[in-house]
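As provided, final00.txt (compact mmCIF, C-alpha atoms) reads as follows.
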# COMPACT_ATOMS: atom_id res chain seq x y z
CA MET A 1 -69.08 -24.33 -96.60
CA SER A 2 -67.07 -22.86 -99.50
CA ARG A 3 -66.43 -25.17 -102.43
CA VAL A 4 -63.06 -26.81 -102.89
CA LEU A 5 -61.01 -25.34 -105.73
CA ILE A 6 -57.78 -27.35 -105.47
CA SER A 7 -57.59 -30.77 -103.83
CA ALA A 8 -54.24 -32.52 -103.36
CA ARG A 9 -54.20 -36.12 -102.19
CA GLY A 10 -51.21 -38.27 -101.30
CA LEU A 11 -48.62 -36.18 -103.17
CA LYS A 12 -45.15 -37.69 -103.04
CA ILE A 13 -41.90 -36.70 -104.72
CA ARG A 14 -38.23 -37.08 -103.87
CA PHE A 15 -35.07 -35.66 -105.37
CA GLY A 16 -32.33 -38.20 -104.75
CA GLY A 17 -32.29 -38.69 -101.00
CA VAL A 18 -34.41 -35.62 -100.28
CA ILE A 19 -38.12 -36.19 -99.73
CA ALA A 20 -39.82 -32.97 -100.84
CA ALA A 21 -43.39 -34.26 -100.51
CA ASP A 22 -44.37 -37.20 -98.37
CA GLY A 23 -48.11 -37.80 -98.64
CA ILE A 24 -49.43 -34.25 -98.91
CA ASP A 25 -53.22 -33.89 -98.45
CA LEU A 26 -54.57 -30.35 -98.73
CA ASP A 27 -57.67 -28.52 -99.96
CA VAL A 28 -57.82 -24.90 -101.10
CA PHE A 29 -61.24 -23.31 -100.67
CA GLU A 30 -62.99 -20.65 -102.69
CA GLY A 31 -62.63 -17.17 -101.20
CA GLU A 32 -59.64 -17.86 -98.97
CA ASN A 33 -56.04 -16.72 -98.77
CA LEU A 34 -54.04 -19.76 -97.65
CA ALA A 35 -50.51 -19.17 -96.38
CA ILE A 36 -47.86 -21.90 -96.53
CA ILE A 37 -45.02 -21.55 -94.04
CA GLY A 38 -42.10 -23.69 -92.95
CA PRO A 39 -38.30 -23.81 -92.88
CA ASN A 40 -36.23 -23.69 -96.06
CA GLY A 41 -36.25 -27.02 -97.88
CA ALA A 42 -39.53 -28.15 -96.31
CA GLY A 43 -41.22 -28.60 -99.72
CA LYS A 44 -43.35 -25.47 -99.93
CA THR A 45 -42.37 -24.37 -103.44
CA THR A 46 -42.37 -27.99 -104.58
CA PHE A 47 -46.08 -28.10 -103.71
CA LEU A 48 -46.75 -25.02 -105.84
CA ASN A 49 -44.79 -26.58 -108.70
CA MET A 50 -46.74 -29.84 -108.53
CA THR A 51 -50.05 -27.98 -108.37
CA THR A 52 -49.25 -25.90 -111.45
CA GLY A 53 -47.72 -28.64 -113.62
CA TYR A 54 -44.06 -27.62 -113.38
CA LEU A 55 -43.35 -30.86 -111.50
CA ARG A 56 -45.19 -34.14 -111.77
CA PRO A 57 -45.57 -36.00 -108.47
CA GLN A 58 -44.28 -39.56 -108.27
CA ALA A 59 -47.49 -40.51 -106.45
CA GLY A 60 -50.78 -38.85 -105.61
CA THR A 61 -53.18 -36.56 -107.45
CA VAL A 62 -54.10 -32.90 -107.83
CA SER A 63 -57.65 -31.93 -108.81
CA PHE A 64 -59.17 -28.59 -109.72
CA LEU A 65 -62.93 -28.19 -109.32
CA GLY A 66 -63.21 -31.97 -109.33
CA GLN A 67 -61.13 -32.51 -112.49
CA GLU A 68 -57.81 -34.29 -112.10
CA ILE A 69 -54.97 -32.14 -113.46
CA THR A 70 -51.95 -34.11 -112.21
CA ALA A 71 -50.58 -34.91 -115.67
CA LEU A 72 -51.46 -31.63 -117.40
CA PRO A 73 -48.78 -29.16 -118.53
CA PRO A 74 -48.61 -25.66 -116.96
CA ARG A 75 -50.30 -23.91 -119.89
CA ALA A 76 -53.33 -26.22 -119.76
CA ILE A 77 -53.62 -25.77 -115.99
CA THR A 78 -53.46 -21.99 -116.39
CA ARG A 79 -56.28 -22.10 -118.94
CA LEU A 80 -58.45 -24.03 -116.47
CA GLY A 81 -58.10 -21.26 -113.88
CA ILE A 82 -54.92 -21.64 -111.79
CA ALA A 83 -52.43 -18.79 -112.25
CA ARG A 84 -48.91 -18.56 -110.84
CA ALA A 85 -46.79 -15.62 -109.72
CA PHE A 86 -43.12 -16.38 -109.11
CA GLN A 87 -40.65 -15.04 -106.56
CA ILE A 88 -39.02 -12.97 -109.33
CA PRO A 89 -41.59 -11.11 -111.49
CA GLN A 90 -41.80 -12.65 -114.97
CA LEU A 91 -41.77 -9.45 -117.04
CA PHE A 92 -40.33 -8.45 -120.40
CA LEU A 93 -38.05 -5.81 -118.91
CA ASP A 94 -37.35 -3.95 -122.15
CA GLN A 95 -41.07 -3.57 -122.93
CA THR A 96 -43.38 -1.01 -121.39
CA VAL A 97 -45.81 -2.06 -118.68
CA ILE A 98 -48.80 -1.79 -121.03
CA GLU A 99 -46.94 -3.80 -123.69
CA ASN A 100 -46.37 -6.54 -121.09
CA MET A 101 -50.08 -6.51 -120.33
CA MET A 102 -51.06 -6.63 -123.97
CA ILE A 103 -48.75 -9.58 -124.62
CA ALA A 104 -50.62 -11.44 -121.86
CA ALA A 105 -53.96 -10.37 -123.33
CA ALA A 106 -52.97 -11.49 -126.82
CA ALA A 107 -51.78 -14.87 -125.53
CA GLN A 108 -54.98 -15.37 -123.52
CA ALA A 109 -57.14 -14.45 -126.52
CA GLY A 110 -55.12 -16.59 -128.95
CA GLU A 111 -54.08 -13.54 -130.95
CA LEU A 112 -50.36 -14.23 -131.01
CA SER A 113 -50.12 -13.24 -134.67
CA ALA A 114 -51.20 -9.74 -133.69
CA PHE A 115 -48.11 -8.93 -131.61
CA ARG A 116 -47.01 -6.17 -133.97
CA HIS A 117 -50.38 -4.46 -133.37
CA LEU A 118 -50.51 -5.14 -129.64
CA LEU A 119 -51.54 -1.70 -128.51
CA ASP A 120 -54.49 -1.65 -130.93
CA LEU A 121 -56.11 -4.83 -129.59
CA PRO A 122 -59.60 -4.40 -128.10
CA GLU A 123 -58.38 -5.80 -124.75
CA ARG A 124 -56.32 -2.66 -124.06
CA GLU A 125 -59.01 -0.97 -121.96
CA GLU A 126 -59.40 -4.10 -119.82
CA MET A 127 -55.62 -4.29 -119.30
CA GLU A 128 -55.51 -0.63 -118.29
CA GLN A 129 -58.29 -1.31 -115.78
CA LEU A 130 -56.24 -4.13 -114.27
CA LEU A 131 -53.27 -1.78 -113.93
CA ASP A 132 -55.64 0.65 -112.23
CA LEU A 133 -56.81 -2.10 -109.90
CA VAL A 134 -53.28 -2.74 -108.63
CA GLY A 135 -52.36 0.94 -108.53
CA VAL A 136 -49.73 1.05 -111.29
CA ARG A 137 -51.55 2.61 -114.23
CA ALA A 138 -49.33 5.69 -113.90
CA PHE A 139 -46.40 3.45 -114.95
CA ALA A 140 -48.15 2.08 -118.07
CA GLU A 141 -45.82 3.76 -120.58
CA ARG A 142 -42.61 3.13 -118.66
CA LYS A 143 -40.22 0.27 -119.40
CA ALA A 144 -40.58 -2.53 -116.88
CA PHE A 145 -36.90 -2.35 -115.89
CA GLU A 146 -37.43 1.24 -114.68
CA LEU A 147 -39.91 0.23 -111.99
CA PRO A 148 -38.95 -0.41 -108.35
CA GLU A 149 -39.43 -3.97 -107.14
CA GLY A 150 -42.72 -3.30 -105.39
CA GLN A 151 -44.33 -1.95 -108.57
CA ARG A 152 -42.89 -4.83 -110.61
CA LYS A 153 -44.56 -7.28 -108.23
CA LEU A 154 -47.89 -5.50 -108.70
CA VAL A 155 -47.55 -5.54 -112.49
CA ASP A 156 -46.80 -9.27 -112.26
CA ILE A 157 -50.03 -9.73 -110.26
CA ALA A 158 -51.94 -7.74 -112.89
CA LEU A 159 -50.48 -10.06 -115.56
CA ALA A 160 -51.67 -13.08 -113.59
CA LEU A 161 -55.15 -11.56 -113.20
CA ALA A 162 -55.26 -10.97 -116.96
CA LEU A 163 -55.44 -14.76 -117.28
CA LYS A 164 -58.81 -14.66 -115.45
CA PRO A 165 -57.88 -17.26 -112.81
CA LYS A 166 -60.04 -18.61 -110.01
CA VAL A 167 -56.99 -19.12 -107.79
CA LEU A 168 -53.54 -17.50 -107.77
CA LEU A 169 -50.46 -19.27 -106.37
CA MET A 170 -47.66 -16.96 -105.21
CA ASP A 171 -44.14 -17.71 -104.00
CA GLU A 172 -43.14 -15.06 -101.45
CA PRO A 173 -45.16 -12.19 -102.96
CA THR A 174 -43.19 -9.48 -101.11
CA SER A 175 -39.73 -11.00 -101.59
CA GLY A 176 -37.27 -8.29 -102.64
CA VAL A 177 -39.69 -5.49 -101.76
CA ALA A 178 -38.41 -2.82 -99.37
CA SER A 179 -39.68 -3.32 -95.82
CA SER A 180 -41.36 0.07 -95.90
CA GLU A 181 -43.40 -0.96 -98.98
CA LYS A 182 -44.44 -4.52 -98.02
CA LEU A 183 -47.69 -3.66 -96.28
CA GLU A 184 -48.75 -1.31 -99.06
CA VAL A 185 -48.01 -3.94 -101.74
CA MET A 186 -49.92 -6.65 -99.86
CA ASP A 187 -52.84 -4.33 -99.11
CA ILE A 188 -53.18 -3.56 -102.81
CA LEU A 189 -52.66 -7.20 -103.82
CA THR A 190 -55.26 -8.64 -101.44
CA ALA A 191 -57.77 -5.90 -102.31
CA ALA A 192 -57.33 -6.73 -106.01
CA LEU A 193 -57.92 -10.43 -105.28
CA ARG A 194 -61.12 -9.59 -103.40
CA ARG A 195 -62.37 -7.32 -106.18
CA THR A 196 -61.78 -10.00 -108.81
CA GLN A 197 -62.98 -12.86 -106.55
CA VAL A 198 -59.70 -14.75 -106.89
CA SER A 199 -58.58 -17.07 -104.09
CA SER A 200 -54.89 -17.39 -103.27
CA VAL A 201 -52.18 -19.65 -101.92
CA PHE A 202 -48.96 -17.91 -100.92
CA VAL A 203 -45.64 -19.12 -99.55
CA GLU A 204 -44.36 -16.64 -96.98
CA HIS A 205 -41.53 -16.31 -94.46
CA ASP A 206 -42.67 -13.02 -92.93
CA MET A 207 -45.01 -13.97 -90.08
CA ASP A 208 -46.43 -10.43 -89.90
CA MET A 209 -47.67 -10.91 -93.47
CA VAL A 210 -49.13 -14.31 -92.58
CA GLU A 211 -50.92 -13.00 -89.48
CA ARG A 212 -52.32 -9.99 -91.32
CA TYR A 213 -53.42 -11.49 -94.65
CA ALA A 214 -54.00 -15.26 -94.34
CA HIS A 215 -57.34 -16.87 -93.55
CA ARG A 216 -55.68 -20.25 -92.94
CA VAL A 217 -52.09 -21.36 -92.49
CA ALA A 218 -50.50 -24.69 -93.48
CA VAL A 219 -47.18 -25.53 -91.84
CA TRP A 220 -44.72 -27.63 -93.87
CA SER A 221 -41.97 -29.75 -92.29
CA SER A 222 -39.73 -32.20 -94.17
CA GLY A 223 -42.23 -32.70 -96.99
CA LYS A 224 -45.23 -33.12 -94.69
CA ILE A 225 -48.00 -30.86 -93.47
CA GLN A 226 -47.48 -30.48 -89.76
CA PHE A 227 -50.43 -28.24 -88.88
CA VAL A 228 -53.31 -26.47 -90.62
CA GLY A 229 -55.50 -23.83 -88.98
CA PRO A 230 -56.26 -20.15 -88.46
CA PRO A 231 -53.26 -17.80 -88.14
CA ALA A 232 -53.79 -16.94 -84.46
CA GLU A 233 -53.83 -20.62 -83.49
CA ILE A 234 -50.92 -21.69 -85.71
CA LEU A 235 -48.60 -18.79 -84.86
CA ALA A 236 -49.18 -19.33 -81.13
CA ASN A 237 -48.21 -23.00 -81.37
CA ASP A 238 -45.01 -23.68 -79.41
CA GLU A 239 -43.62 -26.11 -82.00
CA VAL A 240 -44.26 -23.64 -84.84
CA LYS A 241 -42.58 -20.91 -82.81
CA ARG A 242 -39.53 -23.12 -82.33
CA THR A 243 -39.16 -24.70 -85.78
CA VAL A 244 -40.50 -21.98 -88.08
CA ILE A 245 -40.53 -18.61 -86.34
CA GLY A 246 -37.33 -19.27 -84.40
CA ILE A 247 -38.39 -18.04 -80.95

Kindly return the structure encoded in the file as structure tokens.
Amino acid sequence: MSRVLISARGLKIRFGGVIAADGIDLDVFEGENLAIIGPNGAGKTTFLNMTTGYLRPQAGTVSFLGQEITALPPRAITRLGIARAFQIPQLFLDQTVIENMMIAAAAQAGELSAFRHLLDLPEREEMEQLLDLVGVRAFAERKAFELPEGQRKLVDIALALALKPKVLLMDEPTSGVASSEKLEVMDILTAALRRTQVSSVFVEHDMDMVERYAHRVAVWSSGKIQFVGPPAEILANDEVKRTVIGI
């Protein structure tokens, strides 16, 4: 059996009268792509935020490779090996793609004082290889704002991989991407994760993406996990069809 990377136990949090997590227990295994699905407001993004330190649960724990990380800030969690990609790519839009990558490299290497010499840092070749890996090296010298959304998403993934994570958490990785580009973006993304041996957790509303790319699916409902299992089993479940897929 694959080792457990992330282990959540008894996570609870409420916002006023809204219960966003009500006793969440979930493990994320090495080598898997775990999809999280559920209706809006079910607590899916809240789980990602608690796992990465952006929210602290009111009860319960999160562990990474056996070390409890519940009270750690996001930066410390990232350094341990959990990276995060957001729904909107977190890029410096007025900088070139390679400058964005070199800023990430400098931060990871603790060379923040070298920002004025970013492009001369020894990590440049590695950053170019990551851009190659996600198929956007041709855009390296272009300003980030010039890129279409699909390419911005891939640059954002390259930035996350520059942090050398063991697991990457993504909130709707193809959100905002043209329908005609979604499969291509996800094909490139999942291939890059395999090549770098990075596991993933991704929140997704597109069931075609879930069926095609997930190894396991966790179904959220009102702050609870309703079902966990392989995509074929979960997506054929009558209750999931009714409450999540809408058929």

> What does the distance from atom CA of A:Asp22 to atom CA of A:Gly223 come to in Å, to one decimal?
Replying inline: 5.2 Å

Return as JSON lines the residues of stretch 10-48 of chain A lying at most 9 Å from stretch 182-197 of chain A, together with the closest atom-to-atom pair for each and the distance in Å to one decimal, counting only C-alpha atoms, with rows in chain order and ascending residue number.
{"residue": "A:Glu30", "atom": "CA", "partner": "A:Gln197", "partner_atom": "CA", "distance": 8.7}
{"residue": "A:Gly31", "atom": "CA", "partner": "A:Gln197", "partner_atom": "CA", "distance": 6.9}
{"residue": "A:Asn33", "atom": "CA", "partner": "A:Thr190", "partner_atom": "CA", "distance": 8.5}

> Between A:Ala20, A:Ala8, A:Leu34, A:Ile245, which one has atoms that come closest to A:Val217, using only C-alpha atoms?
Replying inline: A:Leu34

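Counting from atom CA of A:His205, the distance to atom CA of A:Ser7 is 23.6 Å.
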
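Each of A:Ala83, A:Leu121, A:Ala42, A:Ile13 was compared to A:Gly60 using only C-alpha atoms, and A:Ile13 turns out to be the nearest.
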
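Atom CA of A:Lys224 sits 24.6 Å away from atom CA of A:Ser2.
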
Please list, as a PDB file with C-alpha atoms, keeping the file's coordinate frame, the residues that have an atom at most 12 Å away from (-59.2, -32.3, -112.7) in the coordinates of this file, counting all atoms listed in the file.
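Written file, out.pdb:
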ATOM      1  CA  VAL A   4     -63.060 -26.810-102.890  1.00  0.00           C
ATOM      2  CA  LEU A   5     -61.010 -25.340-105.730  1.00  0.00           C
ATOM      3  CA  ILE A   6     -57.780 -27.350-105.470  1.00  0.00           C
ATOM      4  CA  SER A   7     -57.590 -30.770-103.830  1.00  0.00           C
ATOM      5  CA  ALA A   8     -54.240 -32.520-103.360  1.00  0.00           C
ATOM      6  CA  THR A  51     -50.050 -27.980-108.370  1.00  0.00           C
ATOM      7  CA  THR A  52     -49.250 -25.900-111.450  1.00  0.00           C
ATOM      8  CA  THR A  61     -53.180 -36.560-107.450  1.00  0.00           C
ATOM      9  CA  VAL A  62     -54.100 -32.900-107.830  1.00  0.00           C
ATOM     10  CA  SER A  63     -57.650 -31.930-108.810  1.00  0.00           C
ATOM     11  CA  PHE A  64     -59.170 -28.590-109.720  1.00  0.00           C
ATOM     12  CA  LEU A  65     -62.930 -28.190-109.320  1.00  0.00           C
ATOM     13  CA  GLY A  66     -63.210 -31.970-109.330  1.00  0.00           C
ATOM     14  CA  GLN A  67     -61.130 -32.510-112.490  1.00  0.00           C
ATOM     15  CA  GLU A  68     -57.810 -34.290-112.100  1.00  0.00           C
ATOM     16  CA  ILE A  69     -54.970 -32.140-113.460  1.00  0.00           C
ATOM     17  CA  THR A  70     -51.950 -34.110-112.210  1.00  0.00           C
ATOM     18  CA  ALA A  71     -50.580 -34.910-115.670  1.00  0.00           C
ATOM     19  CA  LEU A  72     -51.460 -31.630-117.400  1.00  0.00           C
ATOM     20  CA  ALA A  76     -53.330 -26.220-119.760  1.00  0.00           C
ATOM     21  CA  ILE A  77     -53.620 -25.770-115.990  1.00  0.00           C
ATOM     22  CA  LEU A  80     -58.450 -24.030-116.470  1.00  0.00           C
ATOM     23  CA  GLY A  81     -58.100 -21.260-113.880  1.00  0.00           C
ATOM     24  CA  ILE A  82     -54.920 -21.640-111.790  1.00  0.00           C
TER      25      ILE A  82
END

> Looking at A:Ile24, A:Val210, A:Arg84, A:Ile37, which one is nearest to A:Lys166, with distances taken over all atoms listed in the file?
Replying inline: A:Arg84

>> Residues near stretch 172-177 of chain A, anyone? I mean within 10 Å using only C-alpha atoms, not counting same-chain ones fewer than 4 positions away, as JSON, numbers by chain.
In response: {"A": [35, 36, 45, 85, 86, 87, 88, 89, 148, 149, 150, 151, 152, 153, 154, 156, 157, 181, 182, 183, 185, 186, 189, 202, 203, 204, 205, 206, 209]}

>> Using all atoms listed in the file for the distances, tell me which of A:Glu32, A:Leu91, A:Leu55, A:Ala106 is nearest to A:Tyr213.
In response: A:Glu32

> Which residue gives the smallest distance to A:Phe227 among A:Val97, A:Asp25, A:Ile19, A:Leu169, with only C-alpha atoms counted?
Replying inline: A:Asp25

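Take the candidates A:Gln90, A:Thr46, A:Gln226, A:Thr78 and check each one against A:Ala158 using all atoms listed in the file; the shortest distance goes to A:Gln90.
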